[in-house]
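Comments concern the structure below.
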Amino acid sequence: MDIIAKDHEYIAATYDRFPLRIVRGKGALVYDEQGNEYIDLGSGIAVNSFGVSDDEWVDAVTEQLKTCQHTSNLFYSDPCVLLAEKLCEISGMKKVFFSNSGAEANECAIKAARKYAAAKYGAERYNIITLKNSFHGRTITTLAATGQETFHTDYRPLTPGFIYVEVGDLNEVVEQAKTGRVAAVMFELIQGEGGVLPLPQEFVSGISQVAAEYGLLMIVDEVQTGCGRTGEYFAYKNYGITPDIVTLAKGLGGGLPIGATLLGEKVQDVFTPGSHGSTFGGNPVVCAGALNILSRINKNLLDKVKEKSDYIMKELRGAPGILGVTGMGLMIGIETSKPAAEVIRRCREMGVIVIKAKNKVRLLPPLNIPDDLLKKAVAVIKAACAE
Ligand SMILES: Cc1ncc(COP(=O)(O)O)c(C=O)c1O
């Protein structure tokens with residue numbers, strides 16, 4: 001039996017996979033079992049920040065693997081401490097809790113917000129405002145946080161205490177805040193799974209003001225937008241706000257599973273021994289890789305991310321078969337005249353991997369994708385849209 005048939009036989013059918021078996025890669029290029037080459041503009045859904053099997057990252061991970069692969073959180077461990085220090089340095093946040101995925105990073109953020117609000121204001125202040133069309137993860141609580149009905153079906157009852165507000169409806173945020181029962185507002189600055197939709201600046205500034213006025217914590221989910229993806233270290237830097245909690249995952253690990261919840265001044269001491277934990281969180285191998293990724297995200301790289309982004313936007317906006325382009329940095333959504341799935345299939349047939357977000361074609365290339373490959377890939381996308 002071949003791998004695809006075995007996948008269907010043995011793996012739970014939660015994924016609608018592309019008919020492509022990737023067996024290896026290097027940087028922005030991946031190869032199938034027949035040796036066909038593809039330019040990868042998906043990066044494992046914004047995970048492979050420097051592409052596949054990047055030499056420096058592999059060295060950092062391998063070195064740590066040979067030194068010690070796991071200690072448990074019963075002991076001190078260098079890579080996880082150094083990674084936390086670096087994260088605090090570049091974000092201005094104060095403390096970090098490490099986990100293994102975006103959903104877990106968000107779970108931790110929700111726990112931190114509830115614990116903080118309960119201690120400061122009382123147990124009835126547990127609600128979290130999230131936005132309609134958001135995506136925060138697949139656990140029962142992060143599903144509850146996700147403001148999209150389709151993900152909720154079949155899994156009720158979900159964790160109570162989430163209030164969904166329409167993007168742009170600041171009045172509703174104020175009304176909810178006035179009840180005195182809201183602990184936090186939680187949002188993605190660019191709704192990734194929701195269709196690569198950046199939030200309007202005035203709405204974000206408004207949330208920030210309301211949060212300050214009513215003592216709500218501001219939780220920014222940077223699982224997809226963080227770690228250089230938007231041309232800044234974190235997307236919140238583009239909006240000029242200071243969150244109380246920031247969640248990271250995906251690109252931070254560069255290809256190994258990690259989640260990080262960054263705790264700001266107000267909530268830095270909310271957790272005490274035993275109040276939260278994770279067996280694998282802060283794993284030294286994963287943290288050594290993440291430290292390598294972060295050490296290479298600097299002004300020079302971020303400027304290049306912006307340049308590449310400008311190039312893509314300029315090429316695609318107004319091109320035949322393209323109705324609109326949204327996003328920031330190297331997180332881009334393309335609204336096409338043809339169904340997105342058809343464009344994605346044609347791109348693949350022409351050697352370019354792009355993915356989907358709602359009804360859009362989504363691009364999340366490696367942050368360091370070489371310009372010649374990007375040029376080739378953009379030409380293919382334009383051809384696929386124009387056909
Ligand atoms: C904004 C956002 N939050 C949370 C998640 C969940 O992350 P994970 O799949 O690592 O649990 C995702 C995944 O796509 C995401 O895009």
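The chains in the structure tokens are called A, B, ... from first to last as shown; in each chain the residues are counted from 1, and the ligands are counted from 1 in the order shown.
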
Write out as a tab-separated table the residues of chain A that have any atom within 8 Å of an atom of ligand 1, one row each with the nearest atom pair and its distance in Å to one decimal, counting only C-alpha atoms and all ligand atoms, sorted by chain and then rising number.
```
residue	atom	partner	partner_atom_place_in_ligand_line	distance
A:Ile45	CA	ligand 1	14 (O)	7.4
A:Asn100	CA	ligand 1	10 (O)	7.5
A:Ser101	CA	ligand 1	10 (O)	3.8
A:Gly102	CA	ligand 1	7 (O)	3.4
A:Ala103	CA	ligand 1	11 (O)	3.6
A:Glu104	CA	ligand 1	11 (O)	6.4
A:Ala105	CA	ligand 1	11 (O)	7.9
A:Asn106	CA	ligand 1	4 (C)	6.9
A:Ser134	CA	ligand 1	1 (C)	7.6
A:Phe135	CA	ligand 1	2 (C)	5.4
A:His136	CA	ligand 1	3 (N)	3.8
A:Gly137	CA	ligand 1	6 (C)	3.8
A:Arg138	CA	ligand 1	11 (O)	6.4
A:Thr139	CA	ligand 1	11 (O)	7.9
A:Thr142	CA	ligand 1	4 (C)	7.9
A:Glu188	CA	ligand 1	1 (C)	5.8
A:Gln191	CA	ligand 1	1 (C)	6.8
A:Gly192	CA	ligand 1	16 (O)	5.7
A:Glu193	CA	ligand 1	16 (O)	5.8
A:Asp221	CA	ligand 1	1 (C)	5.6
A:Glu222	CA	ligand 1	1 (C)	6.0
A:Val223	CA	ligand 1	2 (C)	4.8
A:Gln224	CA	ligand 1	16 (O)	4.7
A:Thr225	CA	ligand 1	1 (C)	7.3
A:Ala249	CA	ligand 1	10 (O)	6.1
A:Lys250	CA	ligand 1	10 (O)	6.1
A:Pro257	CA	ligand 1	10 (O)	7.6
A:Ile258	CA	ligand 1	10 (O)	7.8
A:Gly259	CA	ligand 1	10 (O)	7.3
```

Would you save the residues from that selection as a CSV table (one decimal), in the first residue's frame, using N, CA and C atoms?
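See result20.csv below for the written result:
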```csv
chain,number,residue,atom,x,y,z
A,45,ILE,N,2.5,26.5,6.9
A,45,ILE,CA,1.5,27.5,7.5
A,45,ILE,C,2.3,28.4,8.5
A,100,ASN,N,3.6,24.2,23.8
A,100,ASN,CA,3.9,23.5,22.6
A,100,ASN,C,3.1,23.8,21.3
A,101,SER,N,2.2,24.7,21.4
A,101,SER,CA,1.4,25.1,20.2
A,101,SER,C,0.7,26.4,20.5
A,102,GLY,N,0.1,26.9,19.4
A,102,GLY,CA,-0.6,28.2,19.5
A,102,GLY,C,-1.8,28.1,20.4
A,103,ALA,N,-2.5,27.0,20.3
A,103,ALA,CA,-3.7,26.8,21.1
A,103,ALA,C,-3.3,26.8,22.6
A,104,GLU,N,-2.2,26.2,22.9
A,104,GLU,CA,-1.8,26.1,24.4
A,104,GLU,C,-1.3,27.5,24.8
A,105,ALA,N,-0.6,28.2,23.9
A,105,ALA,CA,-0.2,29.6,24.3
A,105,ALA,C,-1.4,30.4,24.6
A,106,ASN,N,-2.5,30.3,23.8
A,106,ASN,CA,-3.7,31.0,24.1
A,106,ASN,C,-4.4,30.5,25.3
A,134,SER,N,-12.6,35.4,14.1
A,134,SER,CA,-11.2,35.2,14.6
A,134,SER,C,-10.9,33.7,14.6
A,135,PHE,N,-9.6,33.3,14.9
A,135,PHE,CA,-9.2,31.9,15.1
A,135,PHE,C,-8.2,31.9,16.2
A,136,HIS,N,-8.5,31.1,17.2
A,136,HIS,CA,-7.5,31.0,18.3
A,136,HIS,C,-7.1,29.6,18.7
A,137,GLY,N,-7.6,28.6,18.0
A,137,GLY,CA,-7.1,27.2,18.3
A,137,GLY,C,-8.2,26.2,18.3
A,138,ARG,N,-7.8,25.0,18.6
A,138,ARG,CA,-8.7,23.8,18.5
A,138,ARG,C,-9.1,23.1,19.8
A,139,THR,N,-8.5,23.6,20.9
A,139,THR,CA,-8.9,23.0,22.2
A,139,THR,C,-10.3,23.5,22.5
A,142,THR,N,-10.0,27.3,23.4
A,142,THR,CA,-9.6,28.2,22.3
A,142,THR,C,-10.6,28.1,21.2
A,188,GLU,N,-6.5,38.8,17.1
A,188,GLU,CA,-5.4,38.8,16.2
A,188,GLU,C,-5.4,40.1,15.5
A,191,GLN,N,-6.4,38.8,10.9
A,191,GLN,CA,-7.2,37.6,11.1
A,191,GLN,C,-6.7,36.7,9.9
A,192,GLY,N,-5.8,35.7,10.3
A,192,GLY,CA,-5.2,34.9,9.3
A,192,GLY,C,-6.1,33.8,8.7
A,193,GLU,N,-6.6,32.9,9.6
A,193,GLU,CA,-7.5,31.9,9.1
A,193,GLU,C,-8.8,32.5,8.6
A,221,ASP,N,-3.1,37.8,20.0
A,221,ASP,CA,-2.7,36.5,19.5
A,221,ASP,C,-1.8,36.7,18.3
A,222,GLU,N,-0.5,36.5,18.5
A,222,GLU,CA,0.5,36.7,17.4
A,222,GLU,C,1.0,35.3,17.0
A,223,VAL,N,0.2,34.3,17.1
A,223,VAL,CA,0.6,32.9,16.7
A,223,VAL,C,1.0,32.9,15.2
A,224,GLN,N,0.3,33.6,14.4
A,224,GLN,CA,0.6,33.6,13.0
A,224,GLN,C,1.4,34.8,12.6
A,225,THR,N,1.1,36.0,13.2
A,225,THR,CA,1.7,37.2,12.8
A,225,THR,C,3.0,37.6,13.4
A,249,ALA,N,3.7,31.2,18.5
A,249,ALA,CA,3.9,29.8,18.3
A,249,ALA,C,4.5,29.7,16.9
A,250,LYS,N,4.0,28.8,16.0
A,250,LYS,CA,4.4,28.7,14.6
A,250,LYS,C,5.8,29.1,14.3
A,257,PRO,N,7.7,22.2,17.4
A,257,PRO,CA,6.5,22.7,18.1
A,257,PRO,C,6.9,23.5,19.3
A,258,ILE,N,6.4,24.7,19.4
A,258,ILE,CA,6.6,25.6,20.5
A,258,ILE,C,5.4,26.5,20.7
A,259,GLY,N,5.1,26.9,21.9
A,259,GLY,CA,4.1,28.0,22.1
A,259,GLY,C,4.7,28.9,23.2
```

Spatial neighbours of stretch 312-315 of chain A, 12 Å, only C-alpha atoms, chain gap at least 5 places, as an mmCIF file with N, CA and C atoms, in the first residue's frame:
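Output contents, as saved in result-v5.cif:
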```cif
data_model
loop_
_atom_site.group_PDB
_atom_site.id
_atom_site.type_symbol
_atom_site.label_atom_id
_atom_site.label_comp_id
_atom_site.auth_asym_id
_atom_site.auth_seq_id
_atom_site.Cartn_x
_atom_site.Cartn_y
_atom_site.Cartn_z
ATOM 1 N N LEU A 41 5.501 28.646 -0.907
ATOM 2 C CA LEU A 41 5.032 29.920 -0.350
ATOM 3 C C LEU A 41 4.053 29.685 0.803
ATOM 4 N N VAL A 305 11.948 41.815 4.518
ATOM 5 C CA VAL A 305 10.572 41.278 4.510
ATOM 6 C C VAL A 305 9.627 42.333 3.924
ATOM 7 N N LYS A 306 9.817 43.585 4.359
ATOM 8 C CA LYS A 306 8.952 44.670 3.855
ATOM 9 C C LYS A 306 9.157 44.874 2.350
ATOM 10 N N GLU A 307 10.425 44.828 1.905
ATOM 11 C CA GLU A 307 10.704 45.005 0.468
ATOM 12 C C GLU A 307 10.041 43.907 -0.352
ATOM 13 N N PRO A 320 -4.596 40.829 -13.915
ATOM 14 C CA PRO A 320 -5.792 40.137 -14.414
ATOM 15 C C PRO A 320 -6.193 38.961 -13.533
ATOM 16 N N ILE A 322 -7.206 39.114 -10.504
ATOM 17 C CA ILE A 322 -6.987 39.389 -9.068
ATOM 18 C C ILE A 322 -7.881 40.558 -8.638
ATOM 19 N N GLY A 324 -8.318 41.613 -5.358
ATOM 20 C CA GLY A 324 -7.799 42.390 -4.233
ATOM 21 C C GLY A 324 -6.673 41.647 -3.532
ATOM 22 N N VAL A 325 -5.819 42.406 -2.862
ATOM 23 C CA VAL A 325 -4.712 41.812 -2.097
ATOM 24 C C VAL A 325 -4.719 42.436 -0.702
ATOM 25 N N THR A 326 -4.715 41.585 0.331
ATOM 26 C CA THR A 326 -4.721 42.089 1.704
ATOM 27 C C THR A 326 -3.516 41.513 2.456
ATOM 28 N N GLY A 327 -3.265 42.079 3.632
ATOM 29 C CA GLY A 327 -2.215 41.511 4.480
ATOM 30 C C GLY A 327 -1.130 42.512 4.786
ATOM 31 N N MET A 328 -0.064 42.007 5.321
ATOM 32 C CA MET A 328 1.049 42.832 5.777
ATOM 33 C C MET A 328 2.299 41.970 5.723
ATOM 34 N N GLY A 329 3.416 42.570 5.370
ATOM 35 C CA GLY A 329 4.660 41.805 5.324
ATOM 36 C C GLY A 329 4.510 40.582 4.442
ATOM 37 N N LEU A 330 4.979 39.445 4.924
ATOM 38 C CA LEU A 330 4.881 38.211 4.125
ATOM 39 C C LEU A 330 3.721 37.342 4.601
ATOM 40 N N MET A 331 2.613 37.993 4.897
ATOM 41 C CA MET A 331 1.353 37.323 5.234
ATOM 42 C C MET A 331 0.307 37.981 4.340
ATOM 43 N N ILE A 332 0.016 37.314 3.231
ATOM 44 C CA ILE A 332 -0.736 37.982 2.170
ATOM 45 C C ILE A 332 -1.918 37.129 1.722
ATOM 46 N N GLY A 333 -3.067 37.773 1.530
ATOM 47 C CA GLY A 333 -4.260 37.098 1.013
ATOM 48 C C GLY A 333 -4.620 37.677 -0.349
ATOM 49 N N ILE A 334 -4.968 36.794 -1.282
ATOM 50 C CA ILE A 334 -5.313 37.255 -2.639
ATOM 51 C C ILE A 334 -6.743 36.833 -2.950
ATOM 52 N N LEU A 363 -0.474 33.551 0.958
ATOM 53 C CA LEU A 363 0.983 33.411 0.820
ATOM 54 C C LEU A 363 1.639 33.657 2.172
ATOM 55 N N LEU A 364 2.501 32.722 2.564
ATOM 56 C CA LEU A 364 3.283 32.859 3.800
ATOM 57 C C LEU A 364 4.705 32.354 3.520
ATOM 58 N N PRO A 365 5.407 32.995 2.593
ATOM 59 C CA PRO A 365 6.727 32.463 2.213
ATOM 60 C C PRO A 365 7.735 32.529 3.353
ATOM 61 N N ASP A 371 15.118 36.462 -3.750
ATOM 62 C CA ASP A 371 14.320 37.295 -4.655
ATOM 63 C C ASP A 371 14.038 36.603 -5.995
ATOM 64 N N LEU A 374 11.203 34.217 -5.512
ATOM 65 C CA LEU A 374 9.955 34.954 -5.271
ATOM 66 C C LEU A 374 9.415 35.494 -6.601
ATOM 67 N N LYS A 375 10.328 36.006 -7.423
ATOM 68 C CA LYS A 375 9.933 36.565 -8.724
ATOM 69 C C LYS A 375 9.278 35.474 -9.585
ATOM 70 N N LYS A 376 9.923 34.308 -9.603
ATOM 71 C CA LYS A 376 9.399 33.183 -10.395
ATOM 72 C C LYS A 376 7.998 32.800 -9.897
ATOM 73 N N ALA A 377 7.875 32.705 -8.566
ATOM 74 C CA ALA A 377 6.613 32.258 -7.965
ATOM 75 C C ALA A 377 5.492 33.262 -8.230
ATOM 76 N N VAL A 378 5.814 34.545 -8.119
ATOM 77 C CA VAL A 378 4.792 35.580 -8.350
ATOM 78 C C VAL A 378 4.320 35.524 -9.800
ATOM 79 N N ALA A 379 5.247 35.280 -10.724
ATOM 80 C CA ALA A 379 4.866 35.163 -12.149
ATOM 81 C C ALA A 379 3.897 33.993 -12.339
ATOM 82 N N VAL A 380 4.143 32.890 -11.634
ATOM 83 C CA VAL A 380 3.257 31.720 -11.731
ATOM 84 C C VAL A 380 1.871 32.060 -11.169
ATOM 85 N N ILE A 381 1.840 32.739 -10.022
ATOM 86 C CA ILE A 381 0.548 33.108 -9.427
ATOM 87 C C ILE A 381 -0.242 34.002 -10.397
ATOM 88 N N LYS A 382 0.460 34.963 -10.973
ATOM 89 C CA LYS A 382 -0.224 35.870 -11.906
ATOM 90 C C LYS A 382 -0.773 35.092 -13.102
ATOM 91 N N ALA A 383 0.022 34.149 -13.600
ATOM 92 C CA ALA A 383 -0.424 33.343 -14.748
ATOM 93 C C ALA A 383 -1.646 32.502 -14.359
#
```

Just how far from atom CA of A:Cys108 is atom CA of A:Gly147, in Å to one decimal?
18.3 Å

Find, counting only C-alpha atoms, the residue in A:Gly255, A:Arg181, A:Gly206, A:Ile110 that gets nearest to A:Thr159.
A:Ile110

Hey, what's within 12 Å of A:Glu335 if we count only C-alpha atoms and toss same-chain stuff fewer than 3 positions away? As an mmCIF file with C-alpha atoms, in the first residue's frame, please?
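Contents of around-v8.cif, as written:
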```cif
data_model
loop_
_atom_site.group_PDB
_atom_site.id
_atom_site.type_symbol
_atom_site.label_atom_id
_atom_site.label_comp_id
_atom_site.auth_asym_id
_atom_site.auth_seq_id
_atom_site.Cartn_x
_atom_site.Cartn_y
_atom_site.Cartn_z
ATOM 1 C CA GLY A 195 -8.991 35.490 5.317
ATOM 2 C CA VAL A 196 -5.818 37.541 6.002
ATOM 3 C CA LEU A 197 -7.724 40.606 7.160
ATOM 4 C CA LEU A 316 -0.390 41.374 -7.820
ATOM 5 C CA ARG A 317 -2.600 44.416 -7.223
ATOM 6 C CA GLY A 318 -4.718 45.073 -10.294
ATOM 7 C CA ALA A 319 -3.320 42.088 -12.216
ATOM 8 C CA PRO A 320 -5.792 40.137 -14.414
ATOM 9 C CA GLY A 321 -7.976 37.765 -12.385
ATOM 10 C CA ILE A 322 -6.987 39.389 -9.068
ATOM 11 C CA LEU A 323 -9.751 41.291 -7.279
ATOM 12 C CA GLY A 324 -7.799 42.390 -4.233
ATOM 13 C CA VAL A 325 -4.712 41.812 -2.097
ATOM 14 C CA THR A 326 -4.721 42.089 1.704
ATOM 15 C CA GLY A 327 -2.215 41.511 4.480
ATOM 16 C CA ILE A 332 -0.736 37.982 2.170
ATOM 17 C CA LYS A 338 -11.633 32.119 -10.052
ATOM 18 C CA PRO A 339 -12.244 29.936 -6.979
ATOM 19 C CA ALA A 340 -9.137 29.980 -4.760
ATOM 20 C CA ALA A 341 -8.886 26.171 -4.854
ATOM 21 C CA VAL A 343 -5.759 28.866 -8.516
ATOM 22 C CA ILE A 344 -3.987 26.868 -5.806
ATOM 23 C CA LYS A 356 -5.920 28.861 1.313
ATOM 24 C CA ALA A 357 -7.508 31.137 3.889
ATOM 25 C CA LYS A 358 -11.309 31.156 3.670
ATOM 26 C CA ASN A 359 -12.029 32.090 0.030
ATOM 27 C CA LYS A 360 -8.573 33.539 -0.580
ATOM 28 C CA VAL A 361 -5.223 32.334 -1.826
ATOM 29 C CA ARG A 362 -2.765 32.806 1.035
ATOM 30 C CA LEU A 363 0.983 33.411 0.820
ATOM 31 C CA ILE A 381 0.548 33.108 -9.427
ATOM 32 C CA CYS A 385 -5.042 33.927 -11.853
#
```

Go ahead and compute the interatomic distance for atom CA of A:Val96 and atom CA of A:Thr279, in Å to one decimal.
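Those two atoms sit 15.5 Å apart.
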
Please report, as a PyMOL selection string, each residue of stretch 134-324 of chain A to which DSSP assigns alpha helix (DSSP H) when run on this structure's backbone.
chain A and resi 140-145+149-152+170-178+201-214+236-239+284-295+299-316

Excluding A:Val173 and its own-chain neighbours fewer than 5 positions away, which residues fall within 10 Å of it when counting only C-alpha atoms? Please give them as a ChimeraX atom specification.
/A:129-131,163-166,168,178,182,185,206-207,210-211

Okay, now the selection with C-alpha atoms, as a PDB file, in the first residue's frame?
```pdb
ATOM      1  CA  ILE A 129     -14.181  39.553  24.446  1.00  0.00           C
ATOM      2  CA  THR A 130     -12.986  38.072  21.165  1.00  0.00           C
ATOM      3  CA  LEU A 131     -13.781  39.070  17.596  1.00  0.00           C
ATOM      4  CA  ILE A 163     -18.299  37.300  24.032  1.00  0.00           C
ATOM      5  CA  TYR A 164     -17.962  37.825  20.283  1.00  0.00           C
ATOM      6  CA  VAL A 165     -17.840  41.328  18.903  1.00  0.00           C
ATOM      7  CA  GLU A 166     -17.900  42.375  15.254  1.00  0.00           C
ATOM      8  CA  GLY A 168     -15.009  47.635  14.132  1.00  0.00           C
ATOM      9  CA  LYS A 178     -19.302  48.574  31.396  1.00  0.00           C
ATOM     10  CA  VAL A 182     -14.948  41.408  31.338  1.00  0.00           C
ATOM     11  CA  VAL A 185     -10.079  41.565  25.052  1.00  0.00           C
ATOM     12  CA  GLY A 206      -9.994  52.292  20.306  1.00  0.00           C
ATOM     13  CA  ILE A 207      -9.731  48.881  21.985  1.00  0.00           C
ATOM     14  CA  VAL A 210     -11.233  51.208  26.259  1.00  0.00           C
ATOM     15  CA  ALA A 211      -8.991  48.551  27.819  1.00  0.00           C
TER      16      ALA A 211
END
```

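Atom CA of A:Leu294 is positioned 18.0 Å from atom CA of A:Gly44.
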
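Between A:Ala84 and the candidates A:Ser309, A:Val285, A:Met186, A:Ala260, the tightest atom-to-atom separation, counting only C-alpha atoms, involves A:Ala260.
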
Identify, on the basis of only C-alpha atoms, every residue whose closest approach to A:Gln64 does not exceed 10 Å; exclude the query and any residue fewer than 3 positions from it along the same chain; express the result as a list in words.
Val58, Asp59, Ala60, Val61, Thr67, Cys68, Gln69, His70, Pro79, Pro284, Val285, Val286, Cys287, Ala288 and Gly289 of chain A

Skip A:Thr179 itself and residues of its chain fewer than 3 positions away, then list as a list in words all residues within 12 Å of it, counting only C-alpha atoms.
Glu124, Arg125, Tyr126, Asn127, Glu172, Val173, Val174, Glu175, Gln176, Val182, Ala183, Tyr214 and Leu216 of chain A

With a distance cut-off of 10 Å and only C-alpha atoms, select the neighbouring residues of A:Phe234, excluding the residue or stretch itself and same-chain residues fewer than 2 positions from it, and output the selection as a ChimeraX atom specification.
/A:90-91,189,220,222-232,236-239,246,248

Can I get the selection written as a PDB file, in the first residue's frame, with C-alpha atoms?
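In the end it all went to part10.pdb:
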```pdb
ATOM      1  CA  ILE A  90      12.601  42.349  21.825  1.00  0.00           C
ATOM      2  CA  SER A  91       9.000  42.615  23.026  1.00  0.00           C
ATOM      3  CA  LEU A 189      -4.185  41.951  14.481  1.00  0.00           C
ATOM      4  CA  VAL A 220      -2.798  39.860  21.249  1.00  0.00           C
ATOM      5  CA  GLU A 222       0.485  36.667  17.388  1.00  0.00           C
ATOM      6  CA  VAL A 223       0.616  32.944  16.723  1.00  0.00           C
ATOM      7  CA  GLN A 224       0.593  33.587  12.974  1.00  0.00           C
ATOM      8  CA  THR A 225       1.688  37.249  12.801  1.00  0.00           C
ATOM      9  CA  GLY A 226       4.623  37.118  15.230  1.00  0.00           C
ATOM     10  CA  CYS A 227       8.385  36.733  14.829  1.00  0.00           C
ATOM     11  CA  GLY A 228       9.011  38.885  11.767  1.00  0.00           C
ATOM     12  CA  ARG A 229       6.101  37.713   9.623  1.00  0.00           C
ATOM     13  CA  THR A 230       4.627  41.217   9.148  1.00  0.00           C
ATOM     14  CA  GLY A 231       7.949  43.027   8.735  1.00  0.00           C
ATOM     15  CA  GLU A 232       8.168  43.887  12.447  1.00  0.00           C
ATOM     16  CA  TYR A 236       1.437  44.976  17.494  1.00  0.00           C
ATOM     17  CA  LYS A 237       4.476  47.139  16.758  1.00  0.00           C
ATOM     18  CA  ASN A 238       2.760  48.117  13.465  1.00  0.00           C
ATOM     19  CA  TYR A 239      -0.248  49.351  15.443  1.00  0.00           C
ATOM     20  CA  VAL A 246       1.175  38.245  23.625  1.00  0.00           C
ATOM     21  CA  LEU A 248       3.418  33.152  19.914  1.00  0.00           C
TER      22      LEU A 248
END
```

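Proximity ranking of A:Thr150, A:Thr14, A:Glu9, A:Arg114 relative to A:Phe162 places A:Arg114 first, based on only C-alpha atoms.
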
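Residue nearest A:Gly122, chosen from A:Gly92, A:Gly351, A:Leu291, A:Gly180 and counting only C-alpha atoms: A:Gly180.
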
Hey, what does DSSP flag as strand (DSSP E) within stretch 84-273 of chain A? Can you give it to me as an MDAnalysis selection string?
chainID A and resid 95:99 127:131 162:165 182:187 190:191 197:198 217:221 245:248 259:263

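The smallest atom-to-atom distance between A:Arg296 and any of A:Gly254, A:Pro19, A:Pro198, A:Gly215, using only C-alpha atoms, is found for A:Gly254.
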
Would you mind telling me which residue in A:Ala290, A:Ala12, A:Ala177, A:Ala384 lies nearest to A:Val81 when using only C-alpha atoms?
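Ranked by minimum distance to A:Val81, first place goes to A:Ala290.
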